[in-house]
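Here is the structure we will look at, set down as structure tokens.
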Amino acid sequence: MNILQEKFSKPTGEIPKLPVELPLNKLGDLTLLENFLRGCENNLSSLVLYLTTIGGKDPTSKTNRILKFFITDELASYFSYLGKRNKRPFCGLHLNDVIIRAVKKSVGNISSADVEEVIKIWLKHAPQRCAKKK
């Protein structure tokens, strides 16, 4: 048991083996990742642990970097945090939980609500970032 705790208590710097390529750009890939995270707590925990190694000078930049690592702006455009305005809800995804846990674990004194606010803003601006790319 101590070996397992030690293995998952220190960032390894290596991303766990995922069933999809990142960043996600299709809803089908997101579904595969969600099933992977739902299937085993170790999958979720090891991904959280890896994400603690992604840098950022503050909670906002860290959260934004993690989101950019995971999901393209095109895919993010289909989501709002609560699923309003004919969009899909991001708040119910395991990916949301992974991001919140990773930021809280690496930053420390931050609430889940603070991380959620950053995610809401990032999702809100995804369509504008897509338009800038074109």
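Ordering of the structure tokens sets the chain letters (A, B, ...); residue numbers start at 1 within each chain; ligands are numbered from 1 in the order shown.
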| Contacts of range 53-55 of chain A within 12 Å, only C-alpha atoms, excl. fewer than 3 positions in-chain, as number ranges by chain | A: 10-15, 46-50, 58-70, 99, 102-103, 105-107
Output C-alpha atoms for every residue in that selection, as a PDB file, in the first residue's frame.
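Now in selection_30.pdb:
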```pdb
ATOM      1  CA  LYS A  10       4.839  12.576  -6.344  1.00  0.00           C
ATOM      2  CA  PRO A  11       4.491  14.105  -9.805  1.00  0.00           C
ATOM      3  CA  THR A  12       6.145  11.857 -12.343  1.00  0.00           C
ATOM      4  CA  GLY A  13       6.315  14.361 -15.170  1.00  0.00           C
ATOM      5  CA  GLU A  14       4.894  11.727 -17.506  1.00  0.00           C
ATOM      6  CA  ILE A  15       1.384  11.816 -18.855  1.00  0.00           C
ATOM      7  CA  SER A  46      -2.711   9.731 -12.138  1.00  0.00           C
ATOM      8  CA  LEU A  47      -3.973  12.351 -14.585  1.00  0.00           C
ATOM      9  CA  VAL A  48      -4.512  14.840 -11.747  1.00  0.00           C
ATOM     10  CA  LEU A  49      -0.989  14.120 -10.570  1.00  0.00           C
ATOM     11  CA  TYR A  50       0.474  14.715 -14.021  1.00  0.00           C
ATOM     12  CA  ASP A  58      -1.025  31.940 -10.708  1.00  0.00           C
ATOM     13  CA  PRO A  59      -4.218  29.848 -10.473  1.00  0.00           C
ATOM     14  CA  THR A  60      -5.738  31.531 -13.532  1.00  0.00           C
ATOM     15  CA  SER A  61      -2.776  30.928 -15.830  1.00  0.00           C
ATOM     16  CA  LYS A  62      -2.380  27.359 -14.555  1.00  0.00           C
ATOM     17  CA  THR A  63      -6.067  26.589 -15.169  1.00  0.00           C
ATOM     18  CA  ASN A  64      -5.949  28.156 -18.632  1.00  0.00           C
ATOM     19  CA  ARG A  65      -2.815  26.192 -19.557  1.00  0.00           C
ATOM     20  CA  ILE A  66      -4.430  22.924 -18.435  1.00  0.00           C
ATOM     21  CA  LEU A  67      -7.577  23.679 -20.439  1.00  0.00           C
ATOM     22  CA  LYS A  68      -5.523  24.515 -23.532  1.00  0.00           C
ATOM     23  CA  PHE A  69      -3.562  21.280 -23.026  1.00  0.00           C
ATOM     24  CA  PHE A  70      -6.783  19.233 -22.987  1.00  0.00           C
ATOM     25  CA  ILE A  99      -8.845  20.124 -13.695  1.00  0.00           C
ATOM     26  CA  ALA A 102      -5.108  19.412 -10.181  1.00  0.00           C
ATOM     27  CA  VAL A 103      -5.206  23.182  -9.707  1.00  0.00           C
ATOM     28  CA  LYS A 105      -3.491  20.312  -5.404  1.00  0.00           C
ATOM     29  CA  SER A 106      -0.713  22.350  -6.989  1.00  0.00           C
ATOM     30  CA  VAL A 107      -1.765  25.868  -5.994  1.00  0.00           C
TER      31      VAL A 107
END
```
Neighbouring residues of Asn96 in chain A were defined as those with any atom within 12 Å, considering only C-alpha atoms; residues of the same chain fewer than 2 positions away were excluded. Please report them as a CSV table (one decimal) with C-alpha atoms, in the first residue's frame.
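Result file selection-v7.csv:
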```csv
chain,number,residue,atom,x,y,z
A,30,LEU,CA,-14.0,13.6,-25.2
A,33,LEU,CA,-11.6,10.2,-22.3
A,34,GLU,CA,-14.7,10.5,-20.0
A,37,LEU,CA,-11.7,8.5,-16.3
A,44,LEU,CA,-8.3,10.0,-12.7
A,48,VAL,CA,-4.5,14.8,-11.7
A,63,THR,CA,-6.1,26.6,-15.2
A,66,ILE,CA,-4.4,22.9,-18.4
A,67,LEU,CA,-7.6,23.7,-20.4
A,70,PHE,CA,-6.8,19.2,-23.0
A,71,ILE,CA,-9.2,20.8,-25.4
A,79,PHE,CA,-19.6,24.0,-24.1
A,80,SER,CA,-20.6,26.4,-21.4
A,81,TYR,CA,-19.9,25.7,-17.8
A,82,LEU,CA,-23.6,25.0,-16.9
A,89,PRO,CA,-22.5,21.4,-19.7
A,90,PHE,CA,-18.8,21.2,-18.8
A,91,CYS,CA,-19.5,21.1,-15.1
A,92,GLY,CA,-20.7,17.4,-15.2
A,93,LEU,CA,-17.6,16.1,-16.9
A,94,HIS,CA,-15.0,14.1,-15.2
A,98,VAL,CA,-9.7,16.5,-12.9
A,99,ILE,CA,-8.8,20.1,-13.7
A,100,ILE,CA,-10.2,21.5,-10.4
A,101,ARG,CA,-8.4,18.8,-8.4
A,102,ALA,CA,-5.1,19.4,-10.2
A,103,VAL,CA,-5.2,23.2,-9.7
A,112,SER,CA,-13.2,25.0,-6.2
A,113,ALA,CA,-15.4,28.0,-7.0
A,115,VAL,CA,-11.2,27.4,-10.4
A,116,GLU,CA,-14.7,27.1,-11.8
A,117,GLU,CA,-14.9,30.8,-12.5
A,118,VAL,CA,-11.7,30.6,-14.5
A,119,ILE,CA,-13.1,27.6,-16.5
A,120,LYS,CA,-16.3,29.5,-17.1
A,123,LEU,CA,-15.1,28.4,-22.2
```
| Where does DSSP see alpha helix (DSSP H) in range 11-102 of chain A, if you list the residues as a PyMOL selection string? | chain A and resi 27-39+41-51+59-70+73-76+94-102
| query | Asn25 in chain A: which residues within 7 Å, counting only C-alpha atoms, same-chain residues fewer than 5 positions away excluded, as a PyMOL selection string? | reply | chain A and resi 71-72+74-75
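In this model, the gap between CA of Asp73 in chain A and CA of His125 in chain A comes to 8.7 Å.
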| said: Please identify the strand (DSSP E or B) residues within chain A (assignment by DSSP from backbone atoms) and present them as a PyMOL selection string. | reply: chain A and resi 24+71+79-80+88-89
Keeping only C-alpha atoms, take the residues you just selected and write them out as an mmCIF file, in the first residue's frame.
```cif
data_model
loop_
_atom_site.group_PDB
_atom_site.id
_atom_site.type_symbol
_atom_site.label_atom_id
_atom_site.label_comp_id
_atom_site.auth_asym_id
_atom_site.auth_seq_id
_atom_site.Cartn_x
_atom_site.Cartn_y
_atom_site.Cartn_z
ATOM 1 C CA LEU A 24 -9.187 16.874 -27.828
ATOM 2 C CA ILE A 71 -9.249 20.769 -25.388
ATOM 3 C CA PHE A 79 -19.607 23.981 -24.080
ATOM 4 C CA SER A 80 -20.551 26.432 -21.392
ATOM 5 C CA ARG A 88 -23.301 21.253 -23.472
ATOM 6 C CA PRO A 89 -22.532 21.437 -19.742
#
```
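For the pair CA of Val20 in chain A and CA of Asn35 in chain A, the separation is 11.1 Å.
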